[in-house]
>>> print(open('input_18.txt').read())   # compact mmCIF, C-alpha atoms
# COMPACT_ATOMS: atom_id res chain seq x y z
CA MET A 1 0.00 0.00 0.00
CA ILE A 2 1.32 3.44 -0.93
CA GLY A 3 2.26 5.55 2.09
CA LYS A 4 0.79 8.95 2.97
CA THR A 5 4.02 10.80 2.28
CA LEU A 6 4.46 9.21 -1.14
CA TYR A 7 0.78 9.80 -1.90
CA ILE A 8 1.14 13.53 -1.15
CA TYR A 9 4.35 13.68 -3.19
CA TYR A 10 2.74 12.08 -6.25
CA THR A 11 -0.29 14.39 -5.93
CA SER A 12 1.96 17.47 -5.78
CA GLN A 13 3.78 16.29 -8.92
CA ILE A 14 0.42 15.88 -10.69
CA LEU A 15 -0.64 19.41 -9.72
CA LYS A 16 2.65 20.87 -10.96
CA GLY A 17 2.40 19.01 -14.26
CA PHE A 18 -1.25 19.96 -14.71
CA THR A 19 -0.50 23.63 -14.04
CA LYS A 20 2.35 23.75 -16.57
CA ILE A 21 0.51 21.90 -19.35
CA GLY A 22 -2.78 23.70 -18.63
CA ILE A 23 -1.19 27.14 -18.92
CA CYS A 24 0.66 26.24 -22.14
CA ILE A 25 -2.33 24.73 -23.97
CA SER A 26 -4.79 27.37 -22.71
CA ALA A 27 -2.44 30.15 -23.83
CA LEU A 28 -2.04 28.56 -27.26
CA PHE A 29 -5.79 28.12 -27.83
CA THR A 30 -6.54 31.60 -26.45
CA LEU A 31 -3.99 33.17 -28.79
CA ILE A 32 -5.61 31.40 -31.74
CA GLU A 33 -9.02 32.74 -30.63
CA PHE A 34 -7.63 36.27 -30.27
CA VAL A 35 -6.15 36.23 -33.78
CA GLY A 36 -9.39 34.78 -35.13
CA LEU A 37 -11.47 37.55 -33.56
CA ILE A 38 -9.22 40.20 -35.08
CA THR A 39 -10.09 38.87 -38.54
CA ARG A 40 -13.83 38.42 -37.84
CA ILE A 41 -14.98 41.62 -36.15
CA ASP A 42 -14.35 45.33 -36.53
CA ALA A 43 -13.50 46.48 -32.99
CA SER A 44 -10.66 47.92 -30.94
CA LEU A 45 -7.90 45.68 -29.65
CA TYR A 46 -9.12 46.31 -26.10
CA THR A 47 -12.61 45.05 -27.02
CA ILE A 48 -11.16 42.00 -28.77
CA PHE A 49 -8.91 41.29 -25.79
CA LYS A 50 -11.90 41.53 -23.43
CA MET A 51 -13.94 39.22 -25.66
CA THR A 52 -11.06 36.74 -25.69
CA LEU A 53 -10.97 36.74 -21.89
CA TYR A 54 -14.68 35.93 -21.81
CA LYS A 55 -14.12 33.13 -24.31
CA THR A 56 -11.13 31.63 -22.47
CA PRO A 57 -13.08 29.60 -19.84
CA ASN A 58 -15.05 27.93 -22.63
CA ILE A 59 -11.83 27.21 -24.53
CA ILE A 60 -10.26 25.66 -21.43
CA PHE A 61 -13.37 23.58 -20.73
CA SER A 62 -13.48 22.25 -24.30
CA ALA A 63 -9.79 21.37 -24.24
CA MET A 64 -9.79 19.97 -20.69
CA PRO A 65 -9.68 16.23 -21.61
CA MET A 66 -6.63 16.90 -23.78
CA ILE A 67 -5.04 19.05 -21.07
CA VAL A 68 -5.57 16.33 -18.45
CA LEU A 69 -4.18 13.57 -20.68
CA LEU A 70 -1.05 15.54 -21.62
CA SER A 71 -0.58 16.57 -17.99
CA PHE A 72 -0.50 12.94 -16.87
CA ILE A 73 1.81 11.99 -19.75
CA TYR A 74 4.19 14.80 -18.78
CA THR A 75 4.06 13.94 -15.06
CA PHE A 76 4.60 10.20 -15.57
CA TYR A 77 7.42 10.84 -18.04
CA LYS A 78 9.18 13.13 -15.57
CA GLN A 79 8.78 10.59 -12.75
CA ASN A 80 9.94 7.80 -15.04
CA LYS A 81 12.96 9.78 -16.16
CA ASN A 82 13.96 10.34 -12.52
CA GLN A 83 13.58 6.59 -11.83
CA GLU A 84 10.84 7.33 -9.28
CA ILE A 85 8.39 4.81 -10.72
CA VAL A 86 11.09 2.13 -10.97
CA ALA A 87 12.06 2.75 -7.34
CA SER A 88 8.43 2.46 -6.22
CA LEU A 89 7.97 -0.79 -8.16
CA SER A 90 11.19 -2.16 -6.68
CA SER A 91 9.95 -1.42 -3.14
CA GLY A 92 6.90 -3.63 -3.71
CA ILE A 93 4.37 -0.97 -4.72
CA SER A 94 2.24 -2.11 -7.66
CA MET A 95 1.44 0.04 -10.70
CA PRO A 96 -2.27 0.42 -9.74
CA GLN A 97 -1.14 1.72 -6.34
CA ILE A 98 1.26 4.16 -8.00
CA LEU A 99 -1.60 5.40 -10.21
CA MET A 100 -4.07 5.75 -7.32
CA PRO A 101 -3.22 9.44 -6.54
CA SER A 102 -3.71 10.24 -10.24
CA ILE A 103 -7.05 8.38 -10.34
CA VAL A 104 -8.34 10.23 -7.27
CA PHE A 105 -7.16 13.55 -8.72
CA ALA A 106 -8.88 12.74 -12.05
CA LEU A 107 -12.18 11.89 -10.33
CA VAL A 108 -12.19 14.98 -8.11
CA PHE A 109 -11.09 17.33 -10.87
CA GLY A 110 -13.64 15.78 -13.24
CA ILE A 111 -16.42 16.59 -10.77
CA ILE A 112 -15.08 20.14 -10.40
CA THR A 113 -14.94 20.53 -14.19
CA THR A 114 -18.58 19.47 -14.59
CA THR A 115 -20.10 21.28 -11.63
CA ILE A 116 -17.99 24.46 -11.43
CA LEU A 117 -15.87 25.06 -14.54
CA GLN A 118 -18.67 24.33 -17.04
CA PRO A 119 -21.14 26.80 -15.41
CA ILE A 120 -18.38 29.44 -15.27
CA ALA A 121 -17.60 28.81 -18.94
CA VAL A 122 -21.30 29.14 -19.81
CA GLN A 123 -21.67 32.46 -17.99
CA ALA A 124 -18.47 33.86 -19.51
CA ASN A 125 -19.59 32.68 -22.94
CA LYS A 126 -22.88 34.57 -22.51
CA ASN A 127 -20.84 37.75 -21.93
CA PHE A 128 -18.83 36.90 -25.04
CA GLU A 129 -22.02 36.42 -27.10
CA TYR A 130 -23.36 39.74 -25.81
CA MET A 131 -20.21 41.57 -26.91
CA TRP A 132 -20.27 39.66 -30.19
CA ASP A 133 -23.82 40.91 -30.84
CA LEU A 134 -22.74 44.46 -30.06
CA ASN A 135 -19.94 44.28 -32.61
CA LYS A 136 -21.76 42.58 -35.46
CA LYS A 137 -23.95 44.28 -38.04
CA ASP A 138 -27.28 42.71 -37.05
CA LYS A 139 -27.88 43.80 -33.47
CA HIS A 140 -31.63 43.97 -33.27
CA THR A 141 -33.13 40.51 -32.90
CA THR A 142 -33.04 38.26 -29.85
CA LEU A 143 -34.76 34.97 -29.03
CA LYS A 144 -35.41 33.14 -25.79
CA LEU A 145 -37.06 29.89 -24.67
CA SER A 146 -38.74 30.05 -21.26
CA LYS A 147 -41.31 28.17 -19.23
CA THR A 148 -44.04 30.09 -21.08
CA GLY A 149 -42.87 29.04 -24.54
CA LEU A 150 -40.88 30.72 -27.28
CA TRP A 151 -40.09 34.43 -27.02
CA LEU A 152 -38.83 36.60 -29.85
CA LYS A 153 -37.91 40.25 -29.74
CA GLU A 154 -37.46 42.28 -32.91
CA LYS A 155 -36.57 45.92 -33.43
CA LEU A 156 -38.77 47.70 -35.98
CA PRO A 157 -38.31 51.02 -37.82
CA ASN A 158 -39.03 54.34 -36.05
CA GLU A 159 -37.92 53.05 -32.61
CA TYR A 160 -40.70 50.47 -32.40
CA TYR A 161 -40.32 46.96 -30.99
CA ARG A 162 -42.17 43.70 -31.50
CA ILE A 163 -42.43 40.90 -28.92
CA ILE A 164 -43.80 37.53 -29.98
CA ASN A 165 -44.81 34.72 -27.63
CA ALA A 166 -45.74 31.26 -28.90
CA LYS A 167 -46.75 28.44 -26.56
CA ARG A 168 -45.52 25.73 -28.93
CA ILE A 169 -43.45 25.38 -32.08
CA ASP A 170 -43.17 22.55 -34.60
CA GLU A 171 -39.51 22.23 -35.61
CA ASP A 172 -40.30 20.56 -38.95
CA THR A 173 -42.90 23.03 -40.27
CA PHE A 174 -42.04 26.01 -38.02
CA GLU A 175 -45.72 26.29 -37.14
CA LEU A 176 -46.23 28.34 -33.98
CA SER A 177 -49.36 27.80 -31.86
CA LYS A 178 -51.21 30.12 -29.48
CA VAL A 179 -49.34 33.23 -30.57
CA GLN A 180 -49.48 36.72 -29.11
CA ILE A 181 -47.77 39.68 -30.80
CA ILE A 182 -47.20 42.98 -29.00
CA GLU A 183 -45.82 46.04 -30.79
CA PHE A 184 -44.87 49.22 -28.93
CA ASN A 185 -42.60 52.25 -29.03
CA GLU A 186 -40.01 53.27 -26.44
CA GLU A 187 -42.54 55.44 -24.57
CA LYS A 188 -44.97 52.46 -24.50
CA ASP A 189 -47.86 54.82 -25.29
CA ASN A 190 -48.86 53.24 -28.61
CA ILE A 191 -49.35 49.53 -28.01
CA LYS A 192 -50.64 47.04 -30.58
CA VAL A 193 -51.79 43.57 -29.51
CA ILE A 194 -52.57 40.67 -31.86
CA ASN A 195 -53.57 37.11 -30.95
CA SER A 196 -53.46 34.21 -33.39
CA ASP A 197 -54.23 30.50 -33.15
CA LYS A 198 -51.42 29.60 -35.55
CA MET A 199 -48.51 31.39 -37.21
CA PHE A 200 -46.23 30.20 -40.02
CA LEU A 201 -42.83 31.65 -40.79
CA SER A 202 -42.27 32.25 -44.48
CA GLU A 203 -39.43 34.17 -46.15
CA ASN A 204 -39.33 37.41 -44.09
CA GLU A 205 -43.05 37.08 -43.35
CA PHE A 206 -45.27 35.92 -40.50
CA ILE A 207 -48.46 34.31 -41.82
CA LEU A 208 -51.08 34.34 -39.06
CA LYS A 209 -54.31 32.32 -39.03
CA ASN A 210 -57.52 32.98 -37.05
CA VAL A 211 -56.32 36.41 -35.93
CA THR A 212 -57.83 38.78 -33.36
CA ASP A 213 -56.53 42.36 -33.45
CA TYR A 214 -57.01 44.36 -30.25
CA SER A 215 -55.08 47.41 -31.45
CA GLY A 216 -57.88 49.87 -32.10
CA THR A 217 -60.98 50.83 -30.21
CA GLN A 218 -62.77 47.85 -31.76
CA THR A 219 -61.70 44.24 -31.90
CA ILE A 220 -61.06 43.09 -35.48
CA LYS A 221 -60.86 39.46 -36.61
CA TYR A 222 -58.97 38.19 -39.65
CA GLU A 223 -58.86 34.75 -41.18
CA THR A 224 -55.32 35.45 -42.43
CA LEU A 225 -52.88 38.26 -41.67
CA ILE A 226 -49.38 38.71 -43.09
CA ILE A 227 -46.72 40.69 -41.16
CA LYS A 228 -43.28 41.57 -42.50
CA THR A 229 -40.32 40.51 -40.31
CA SER A 230 -36.53 40.27 -40.29
CA ILE A 231 -36.65 36.95 -38.40
CA ASN A 232 -35.99 33.74 -40.33
CA LYS A 233 -36.16 30.01 -39.57
CA ASP A 234 -32.41 29.70 -39.01
CA MET A 235 -32.51 32.35 -36.29
CA ILE A 236 -35.29 30.52 -34.44
CA LYS A 237 -33.59 27.15 -34.79
CA LYS A 238 -30.28 28.57 -33.59
CA VAL A 239 -31.61 29.29 -30.10
CA PHE A 240 -32.39 25.63 -29.57
CA THR A 241 -29.07 24.29 -30.84
CA LYS A 242 -26.86 26.57 -28.71
CA ILE A 243 -26.73 24.14 -25.82
CA GLU A 244 -23.36 25.57 -24.76
CA LYS A 245 -25.31 28.48 -23.26
CA ILE A 246 -26.94 26.16 -20.71
CA SER A 247 -25.27 25.48 -17.36
CA PHE A 248 -24.97 21.93 -16.08
CA TRP A 249 -27.28 22.86 -13.20
CA ASP A 250 -29.96 24.16 -15.62
CA LEU A 251 -29.88 21.35 -18.18
CA ASN A 252 -32.65 19.26 -16.60
CA GLU A 253 -34.98 22.25 -16.54
CA TYR A 254 -33.99 23.14 -20.11
CA ILE A 255 -34.83 19.62 -21.29
CA LYS A 256 -38.25 19.91 -19.64
CA ARG A 257 -38.90 23.18 -21.48
CA LEU A 258 -37.95 21.61 -24.78
CA LYS A 259 -40.35 18.74 -24.12
CA GLN A 260 -43.13 21.16 -23.21
CA SER A 261 -42.58 22.96 -26.52
CA GLU A 262 -42.43 19.56 -28.32
CA LEU A 263 -38.87 20.22 -29.49
CA ASN A 264 -36.00 17.81 -30.08
CA THR A 265 -34.22 17.05 -26.79
CA LYS A 266 -31.50 14.74 -28.15
CA GLU A 267 -28.63 17.21 -28.08
CA ALA A 268 -29.49 18.48 -24.60
CA ILE A 269 -29.76 14.92 -23.22
CA PHE A 270 -26.43 14.08 -24.87
CA ILE A 271 -24.71 17.11 -23.31
CA LEU A 272 -26.11 16.30 -19.86
CA ASN A 273 -24.85 12.71 -19.98
CA PHE A 274 -21.52 13.76 -21.48
CA LEU A 275 -20.98 16.20 -18.60
CA LEU A 276 -21.82 13.45 -16.10
CA SER A 277 -19.24 11.20 -17.77
CA ILE A 278 -16.34 13.69 -17.61
CA PRO A 279 -14.87 12.25 -14.36
CA ILE A 280 -14.72 8.83 -16.05
CA ILE A 281 -13.01 10.37 -19.10
CA PHE A 282 -10.37 11.89 -16.84
CA VAL A 283 -9.79 8.56 -15.08
CA ALA A 284 -9.39 6.90 -18.48
CA THR A 285 -6.68 9.43 -19.38
CA VAL A 286 -4.68 8.19 -16.37
CA PHE A 287 -4.55 4.66 -17.79
CA ILE A 288 -3.83 5.86 -21.33
CA ALA A 289 -1.08 8.21 -20.11
CA SER A 290 0.49 5.42 -18.02
CA PHE A 291 0.83 3.29 -21.14
CA PHE A 292 2.77 6.03 -22.92
CA SER A 293 5.05 7.28 -20.16
CA ALA A 294 4.73 5.39 -16.85
CA ARG A 295 6.24 2.10 -18.05
CA PRO A 296 10.04 1.70 -18.29
CA LEU A 297 11.31 3.30 -21.50
CA SER A 298 14.60 3.01 -23.33
CA ARG A 299 16.24 6.16 -24.58
CA VAL A 300 15.65 5.05 -28.15
CA HIS A 301 11.91 4.65 -27.76
CA SER A 302 11.14 7.33 -25.15
CA LYS A 303 10.90 10.28 -27.55
CA LYS A 304 8.81 8.30 -30.01
CA THR A 305 6.47 7.13 -27.27
CA ILE A 306 6.03 10.63 -25.84
CA ARG A 307 5.42 12.00 -29.34
CA ASN A 308 2.70 9.41 -29.85
CA GLY A 309 1.25 10.35 -26.48
CA VAL A 310 1.05 14.04 -27.45
CA LEU A 311 -0.58 13.12 -30.75
CA SER A 312 -3.08 11.02 -28.85
CA GLY A 313 -4.01 14.14 -26.86
CA PHE A 314 -5.02 15.99 -30.00
CA ALA A 315 -6.73 12.84 -31.31
CA LEU A 316 -8.71 12.69 -28.05
CA TYR A 317 -9.85 16.30 -28.54
CA PHE A 318 -11.27 15.58 -32.00
CA TYR A 319 -12.62 12.16 -30.96
CA ILE A 320 -14.78 13.64 -28.20
CA ASN A 321 -15.99 16.55 -30.33
CA SER A 322 -17.05 14.17 -33.11
CA PHE A 323 -19.82 12.80 -30.88
CA LYS A 324 -21.41 16.25 -30.68
CA SER A 325 -22.06 16.03 -34.42
CA LEU A 326 -23.06 12.36 -34.29
CA VAL A 327 -25.96 13.00 -31.93
CA LEU A 328 -27.58 15.34 -34.49
CA ILE A 329 -27.53 12.85 -37.36
CA SER A 330 -27.84 9.52 -35.57
CA GLU A 331 -30.92 7.65 -34.35
CA ILE A 332 -28.92 6.15 -31.46
CA ASN A 333 -30.14 6.98 -27.96
CA PRO A 334 -28.37 10.23 -26.88
CA ILE A 335 -27.67 8.74 -23.44
CA ILE A 336 -25.63 5.99 -25.09
CA ILE A 337 -23.80 8.51 -27.29
CA GLY A 338 -23.12 10.72 -24.27
CA TRP A 339 -21.43 7.91 -22.33
CA THR A 340 -19.65 6.30 -25.31
CA PRO A 341 -16.49 8.52 -25.22
CA ALA A 342 -15.95 7.86 -21.50
CA LEU A 343 -16.64 4.12 -21.55
CA SER A 344 -14.69 3.47 -24.75
CA MET A 345 -11.70 5.42 -23.40
CA LEU A 346 -11.91 3.60 -20.06
CA ILE A 347 -11.94 0.20 -21.77
CA LEU A 348 -9.03 1.24 -23.99
CA GLY A 349 -7.07 2.61 -21.03
CA ILE A 350 -7.53 -0.54 -18.92
CA PHE A 351 -6.57 -2.71 -21.90
CA LEU A 352 -3.38 -0.68 -22.48
CA LEU A 353 -2.51 -0.77 -18.79
CA LEU A 354 -2.96 -4.55 -18.58
CA SER A 355 -1.02 -5.12 -21.81
CA SER A 356 1.87 -2.97 -20.59
CA ASP A 357 1.95 -4.94 -17.32
CA LYS A 358 2.24 -8.20 -19.29
CA VAL A 359 5.08 -6.77 -21.35
CA ASN A 360 6.90 -5.56 -18.22
CA ASN A 361 6.45 -8.91 -16.52
>>> encode(input="input_18.txt", output="structure tokens")
Amino acid sequence: MIGKTLYIYYTSQILKGFTKIGICISALFTLIEFVGLITRIDASLYTIFKMTLYKTPNIIFSAMPMIVLLSFIYTFYKQNKNQEIVASLSSGISMPQILMPSIVFALVFGIITTTILQPIAVQANKNFEYMWDLNKKDKHTTLKLSKTGLWLKEKLPNEYYRIINAKRIDEDTFELSKVQIIEFNEEKDNIKVINSDKMFLSENEFILKNVTDYSGTQTIKYETLIIKTSINKDMIKKVFTKIEKISFWDLNEYIKRLKQSELNTKEAIFILNFLLSIPIIFVATVFIASFFSARPLSRVHSKKTIRNGVLSGFALYFYINSFKSLVLISEINPIIIGWTPALSMLILGIFLLLSSDKVNN
């Protein structure tokens, strides 16, 4: 059994390695984002720098599995190079016992990533999106899904605004049910209210059916009413696909709202289960990293092995992100897709660990 002193020592080495690798990779990805923003928006360098800071937590969260894997590879390689792992094995400590501090760290940090870092990244990303809207050409239209259905806000000419509330929406036909439209100016002294049983979104037009207009002194009914709009189908659909704006703690409620509006919940269910699986992903990186750098290495093969380990980190990044696209086009249960990266990595990591033990023995 690994002693308390050795356990603390290994944990401190993990923290040092994680800090170094985390700073390097985060700085690299943040620099890429900063350069990308310079080419995409017309704003001052200060504004772009501020936007980059808001984007950084989301960048770190997205790259965290790769950061964790490379951190363990770096830490194990350093310990291996200093003969620390060999010395521990020689004293009767088994490889699983040597890896135990890393496994505990991976589990704890995985829970922190899901419950703390992800919500922080979501909130920071909302600030980024707000600044992005301020610096893009189209600044007038916003959409929101709440407990009371779909909400749209549109700015009209002459300082007028239009708010639309629909209780339900059909994603396939974009048919909105139980619709209320309110138009008003900034002084709110000229209000127009329209109710409609159904509304269809055509090209820059709202087509309303069974309409009741309460705008004037008398109530007027229409069988069909057409209203010009700058809102299109893509803008409405976009609000439901931006799951990265939802905190881990709000995902269950968000899924309920989607179900109430009879919208597709697959992506939200996938994200929820993927977030729950993050601690398992981090544990799997311990086993994978141990295969690359915790086993005894010759000088000839050490550089090649570490290079392959680094490449595996980038491969892991793209592997996990590929499932986000798969859930949109696949008929597979999103819960299964959400847990597939973690379980497949865990199986692979255990297999590599066991195979390396056989080779060493």
>>> closest_residue(input="input_18.txt", among="A:Phe34, A:Tyr160, A:Phe351, A:Trp132", to="Thr56 (chain A)", atoms="only C-alpha atoms")
A:Phe34
>>> closest_residue(input="input_18.txt", among="A:Gly110, A:Gly149, A:Gly313, A:Pro119", to="Ile280 (chain A)", atoms="all atoms listed in the file")
A:Gly110
>>> closest_residue(input="input_18.txt", among="A:Leu311, A:Met199, A:Ile2, A:Ile347", to="Ser91 (chain A)", atoms="all atoms listed in the file")
A:Ile2
>>> atom_distance(input="input_18.txt", atom1="CA of Thr224 (chain A)", atom2="CA of Asn210 (chain A)")
6.3 Å
>>> residues_around(input="input_18.txt", residues="region 96-108 of chain A", least_positions_apart="3", cutoff="6 Å", atoms="only C-alpha atoms", output="PyMOL selection string")
chain A and resi 11+111+279+282-283
>>> write_last_selection(input="input_18.txt", atoms="C-alpha atoms", output="tab-separated table (two decimals), keeping the file's coordinate frame")
chain	number	residue	atom	x	y	z
A	11	THR	CA	-0.29	14.39	-5.93
A	111	ILE	CA	-16.42	16.59	-10.77
A	279	PRO	CA	-14.87	12.25	-14.36
A	282	PHE	CA	-10.37	11.89	-16.84
A	283	VAL	CA	-9.79	8.56	-15.08
>>> atom_distance(input="input_18.txt", atom1="CA of Ile243 (chain A)", atom2="CA of Lys324 (chain A)")
10.7 Å
>>> closest_residue(input="input_18.txt", among="A:Ser94, A:Ile194, A:Pro341, A:Leu31", to="Leu276 (chain A)", atoms="only C-alpha atoms")
A:Pro341
>>> closest_residue(input="input_18.txt", among="A:Phe270, A:Phe314, A:Tyr54, A:Tyr10", to="Leu251 (chain A)", atoms="all atoms listed in the file")
A:Phe270
>>> residues_around(input="input_18.txt", residues="Leu352 (chain A)", least_positions_apart="3", cutoff="8 Å", atoms="only C-alpha atoms", output="VMD selection string")
chain A and resid 287 to 288 291 348 to 349 355 to 356
>>> atom_distance(input="input_18.txt", atom1="CA of Asn185 (chain A)", atom2="CA of Lys155 (chain A)")
9.8 Å
>>> residues_around(input="input_18.txt", residues="Lys259 (chain A)", least_positions_apart="6", cutoff="10 Å", atoms="all atoms listed in the file", output="list in words")
Arg168, Glu253 and Thr265 of chain A
>>> residues_around(input="input_18.txt", residues="Gln180 (chain A)", least_positions_apart="3", cutoff="6 Å", atoms="only C-alpha atoms", output="VMD selection string")
chain A and resid 164 to 165 194 to 195
